[in-house]
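Single-structure report; data block below.
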Amino acid sequence: MSVSRRSILAGGLAAPLVARGLATVGAGVGALASRTPARAAEAAHRLTLGDSEVTILTDGGLLLPASTLASNVDEGKRSAFLTSHGHDAEIRASALNVALIRKGDALVLVDTGAGLNFFQDAGLLTDSFDAAGLDRDSVTHVVLTHGHPDHVWGVIDDFDESERFPNAKYLMGAAEWDFWMNPDFLADNPEELHSFALGAQRNLGAVAEKVERVGADHAVVSGVTMISTPGHTPGHMSVLIEDGGEQLLITGDALTHPSVSFERPDWQPTTDQLPELAVKTRRTLLDRAATDGLLLVGYHLPWPGVGRAVAKDGAWRYVAEG
């Protein structure tokens, strides 16, 4: 990816899309202009689970106002909690951790990153593939956890609209597909979601004939299963890997912050479209993760997003690994 190529996009299609995307996260976005998110120290992080290999690739990062972490908590309480846990009380820095699963002859990518049309410091996934010596043409399956920009706007190339993963079949929850691809979306949903939907329809529409719309507990390949974790979006899915007597759960956006999501699961991020359902899903997922000792990979947790949930004082805490 050349600088000139990114510059061309930023000056054309990207600029209005970024502006509209930023508008959805509420007030205070202007303060982000001078901040740069922490970048991953490496393009790839690898771990094994039985005979499966999981590679975490960076797509860069996002900066959002810290107010997006909780819509149902007053500013003072939220700021005090973040400060006490060593986080910035004003700015929320989120990694973009994309998982790639090698299972036998299958190479399964979970989400496609943001592409170049969303945030300035996102859209590095193709670079990470190259840096890690991985061939995008070798990806056999792409699982899309949900339709938000940083997960599906990387389906097609921003410059020539070619497929970034041309030999892959795609899988997405049927409910999630139906929500974003609704031809009456703009009339049926609030304006702040319109640019998200237009981007989703552009990217998903380009591969529509290759997308399998699935239900809960769908097996992508043996030992790799899509499970229902709704709330962040109506049909949000996570991905469970089982191999060698171990389990790893790729959570998508069901868990998005290393302190808030685990220790304050009842706080409702502004990015959750169905906040009460998202709270219920978080609690169920965290209880399962702690009880069963699941290894977790969080899309927005600090690079490389790998850790575990440990029960603590009626909630949980995040323990990073790797």
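Starting from 1 in every chain, residues are counted up; chains themselves are A, B, ... following the order of the structure tokens, and ligands are numbered from 1 as listed.
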
**Message:** Residues near Tyr170 (chain A), anyone? I mean within 7 Å using only C-alpha atoms, not counting same-chain ones fewer than 3 positions away, as a ChimeraX atom specification.
**Reply:** /A:141-143,210-212

Include N, CA and C atoms and write out the residues we just selected as a compact mmCIF listing (two decimals), in the first residue's frame.
```
# COMPACT_ATOMS: atom_id res chain seq x y z
N HIS A 141 -11.96 -19.12 3.68
CA HIS A 141 -13.22 -18.70 4.29
C HIS A 141 -13.03 -17.34 4.96
N VAL A 142 -14.02 -16.50 4.85
CA VAL A 142 -14.05 -15.24 5.61
C VAL A 142 -15.33 -15.24 6.43
N VAL A 143 -15.19 -15.20 7.75
CA VAL A 143 -16.32 -15.09 8.66
C VAL A 143 -16.47 -13.63 9.05
N LYS A 210 -21.37 -14.92 -2.95
CA LYS A 210 -20.44 -15.83 -2.27
C LYS A 210 -20.70 -15.93 -0.78
N VAL A 211 -21.71 -15.23 -0.29
CA VAL A 211 -21.97 -15.17 1.15
C VAL A 211 -23.02 -16.21 1.55
N GLU A 212 -22.64 -17.07 2.49
CA GLU A 212 -23.59 -18.01 3.08
C GLU A 212 -24.14 -17.38 4.35
```

**Item:** For Phe165 (chain A): contacts at 7 Å, only C-alpha atoms, fewer than 5 positions along chain excluded, given as JSON, numbers by chain
**Value:** {"A": [136, 137, 139]}

If you keep N, CA and C atoms, can you produce a file of those selected residues as a compact mmCIF listing (two decimals), in the first residue's frame?
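Full text of part-v9.txt as output:
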```txt
# COMPACT_ATOMS: atom_id res chain seq x y z
N ARG A 136 -3.04 -13.52 0.63
CA ARG A 136 -4.49 -13.31 0.75
C ARG A 136 -5.28 -14.23 -0.18
N ASP A 137 -4.67 -14.62 -1.28
CA ASP A 137 -5.35 -15.54 -2.21
C ASP A 137 -5.55 -16.92 -1.60
N VAL A 139 -6.69 -17.51 1.46
CA VAL A 139 -7.80 -17.53 2.42
C VAL A 139 -8.98 -18.27 1.80
```

Please identify every residue of region 111-139 of chain A that has at least one atom no farther than 12 Å from an atom of region 188-205 of chain A, counting only C-alpha atoms, and for each give the shortest atom pair and the distance in Å to one decimal, arranged by chain then increasing number, as a Markdown table.
```
| residue | atom | partner | partner_atom | distance |
| --- | --- | --- | --- | --- |
| A:Asp111 | CA | A:Leu204 | CA | 11.9 |
| A:Thr112 | CA | A:Asn203 | CA | 10.5 |
| A:Gly113 | CA | A:Asn203 | CA | 11.7 |
| A:Ala114 | CA | A:Gly199 | CA | 10.4 |
| A:Gly115 | CA | A:Asn203 | CA | 10.2 |
| A:Leu116 | CA | A:Gly199 | CA | 11.8 |
| A:Asn117 | CA | A:Gly199 | CA | 9.0 |
| A:Phe118 | CA | A:Gly199 | CA | 9.6 |
```

**Message:** Show me, as a VMD selection string, the residues that have an atom within 9 Å of region 96-101 of chain A when counting only C-alpha atoms, minus same-chain residues fewer than 3 positions from it.
**Reply:** chain A and resid 52 to 62 106 to 114 122 125 139 150 to 151 224 241 250 297 to 305

**Message:** Could you tell me how far CA of Ala278 (chain A) sits from CA of Thr251 (chain A), in Å to one decimal place?
**Reply:** 12.4 Å

**Request:** Quick one: pick out all helix (DSSP H, G or I) residues within region 213-278 of chain A from a backbone DSSP run and write them as a list in words.
**Result:** Val260, Ser261, Phe262, Glu263, Pro275, Glu276, Leu277 and Ala278 of chain A

Residues as selected, C-alpha atoms, written as a short mmCIF file (atom, residue, chain, number, x, y, z; two decimals), in the first residue's frame, can you do that?
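To be explicit, this is the file written out as selection11.cif:
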```cif
data_model
loop_
_atom_site.label_atom_id
_atom_site.label_comp_id
_atom_site.auth_asym_id
_atom_site.auth_seq_id
_atom_site.Cartn_x
_atom_site.Cartn_y
_atom_site.Cartn_z
CA VAL A 260 -14.98 -1.75 31.30
CA SER A 261 -16.22 -4.85 29.45
CA PHE A 262 -14.98 -7.20 32.17
CA GLU A 263 -15.35 -5.30 35.45
CA PRO A 275 -27.50 -2.20 24.76
CA GLU A 276 -29.61 -4.27 27.18
CA LEU A 277 -29.20 -7.39 25.06
CA ALA A 278 -25.47 -6.67 24.77
#
```

**Message:** So that I can see what lies close to Ala254 (chain A), please list as an MDAnalysis selection string the residues with an atom at most 8 Å from it, counting only C-alpha atoms and leaving out residues fewer than 2 positions away in the same chain.
**Reply:** chainID A and resid 229:232 236 238 251:252 256 278 281:282

**Request:** Compile the contact shell of Trp177 (chain A) as a list in words: residues with an atom at most 9 Å away, counting only C-alpha atoms, same-chain residues fewer than 6 positions apart removed.
**Result:** His146, Gly147, Leu204, Arg213 and Gly235 of chain A

Take the residues just selected and output them with N, CA and C atoms as a short mmCIF file (atom, residue, chain, number, x, y, z; two decimals), in the first residue's frame.
```
data_model
loop_
_atom_site.label_atom_id
_atom_site.label_comp_id
_atom_site.auth_asym_id
_atom_site.auth_seq_id
_atom_site.Cartn_x
_atom_site.Cartn_y
_atom_site.Cartn_z
N HIS A 146 -19.94 -9.11 12.22
CA HIS A 146 -21.05 -8.15 12.14
C HIS A 146 -20.71 -7.09 11.09
N GLY A 147 -21.65 -6.19 10.84
CA GLY A 147 -21.54 -5.30 9.69
C GLY A 147 -20.97 -3.93 9.95
N LEU A 204 -20.54 -5.67 1.16
CA LEU A 204 -21.20 -6.97 1.17
C LEU A 204 -21.87 -7.26 -0.16
N ARG A 213 -25.46 -17.24 4.44
CA ARG A 213 -26.10 -16.65 5.62
C ARG A 213 -26.49 -17.78 6.56
N GLY A 235 -27.40 -9.17 14.90
CA GLY A 235 -27.04 -10.56 14.60
C GLY A 235 -25.58 -10.86 14.81
#
```

**Prompt:** In Å to one decimal, how far is CA of His148 (chain A) from CA of Pro265 (chain A)?
**Reply:**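 Answer for the CA of Pro265 (chain A) to CA of His148 (chain A) separation: 20.9 Å.
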
**Request:** Could you please determine the separation between CA of Asn72 (chain A) and CA of Lys280 (chain A) in Å, to one decimal place?
**Result:**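 Interatomic distance here is 15.1 Å.
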
**Request:** Within 8 Å of region 286-288 of chain A, counting only C-alpha atoms, which residues show up once you throw out same-chain ones fewer than 3 positions away? Write them as a PyMOL selection string, please.
**Result:** chain A and resi 262+282-283+291-294+309+311+316

Can you write out the residues you just picked, keeping N, CA and C atoms, as a short mmCIF file (atom, residue, chain, number, x, y, z; two decimals), in the first residue's frame?
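Output saved as result13.cif:
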```
data_model
loop_
_atom_site.label_atom_id
_atom_site.label_comp_id
_atom_site.auth_asym_id
_atom_site.auth_seq_id
_atom_site.Cartn_x
_atom_site.Cartn_y
_atom_site.Cartn_z
N PHE A 262 -15.13 -6.10 31.23
CA PHE A 262 -14.98 -7.20 32.17
C PHE A 262 -15.45 -6.83 33.58
N ARG A 282 -22.82 -10.15 27.21
CA ARG A 282 -21.50 -10.02 27.86
C ARG A 282 -21.41 -10.87 29.10
N ARG A 283 -22.43 -10.79 29.95
CA ARG A 283 -22.41 -11.54 31.19
C ARG A 283 -22.38 -13.05 30.93
N THR A 291 -15.62 -19.85 33.60
CA THR A 291 -15.93 -21.19 34.09
C THR A 291 -15.20 -22.26 33.30
N ASP A 292 -15.17 -22.10 31.98
CA ASP A 292 -14.57 -23.12 31.12
C ASP A 292 -13.10 -22.85 30.80
N GLY A 293 -12.56 -21.73 31.28
CA GLY A 293 -11.16 -21.42 31.03
C GLY A 293 -10.85 -21.12 29.57
N LEU A 294 -11.79 -20.47 28.88
CA LEU A 294 -11.57 -20.17 27.47
C LEU A 294 -10.47 -19.14 27.28
N ALA A 309 -10.69 -14.38 30.96
CA ALA A 309 -11.56 -13.74 31.95
C ALA A 309 -11.47 -14.53 33.25
N ALA A 311 -13.04 -14.64 37.20
CA ALA A 311 -14.11 -14.14 38.06
C ALA A 311 -13.53 -13.33 39.21
N TRP A 316 -15.73 -9.72 36.56
CA TRP A 316 -14.58 -10.42 36.01
C TRP A 316 -13.43 -9.44 35.85
#
```

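With only C-alpha atoms taken into account, the protein and nucleic acid residues at most 8 Å from Ala320 (chain A) (excluding it and anything under 5 positions from it in its own chain) are A:Gly305, A:Val306, A:Gly307, A:Arg308.
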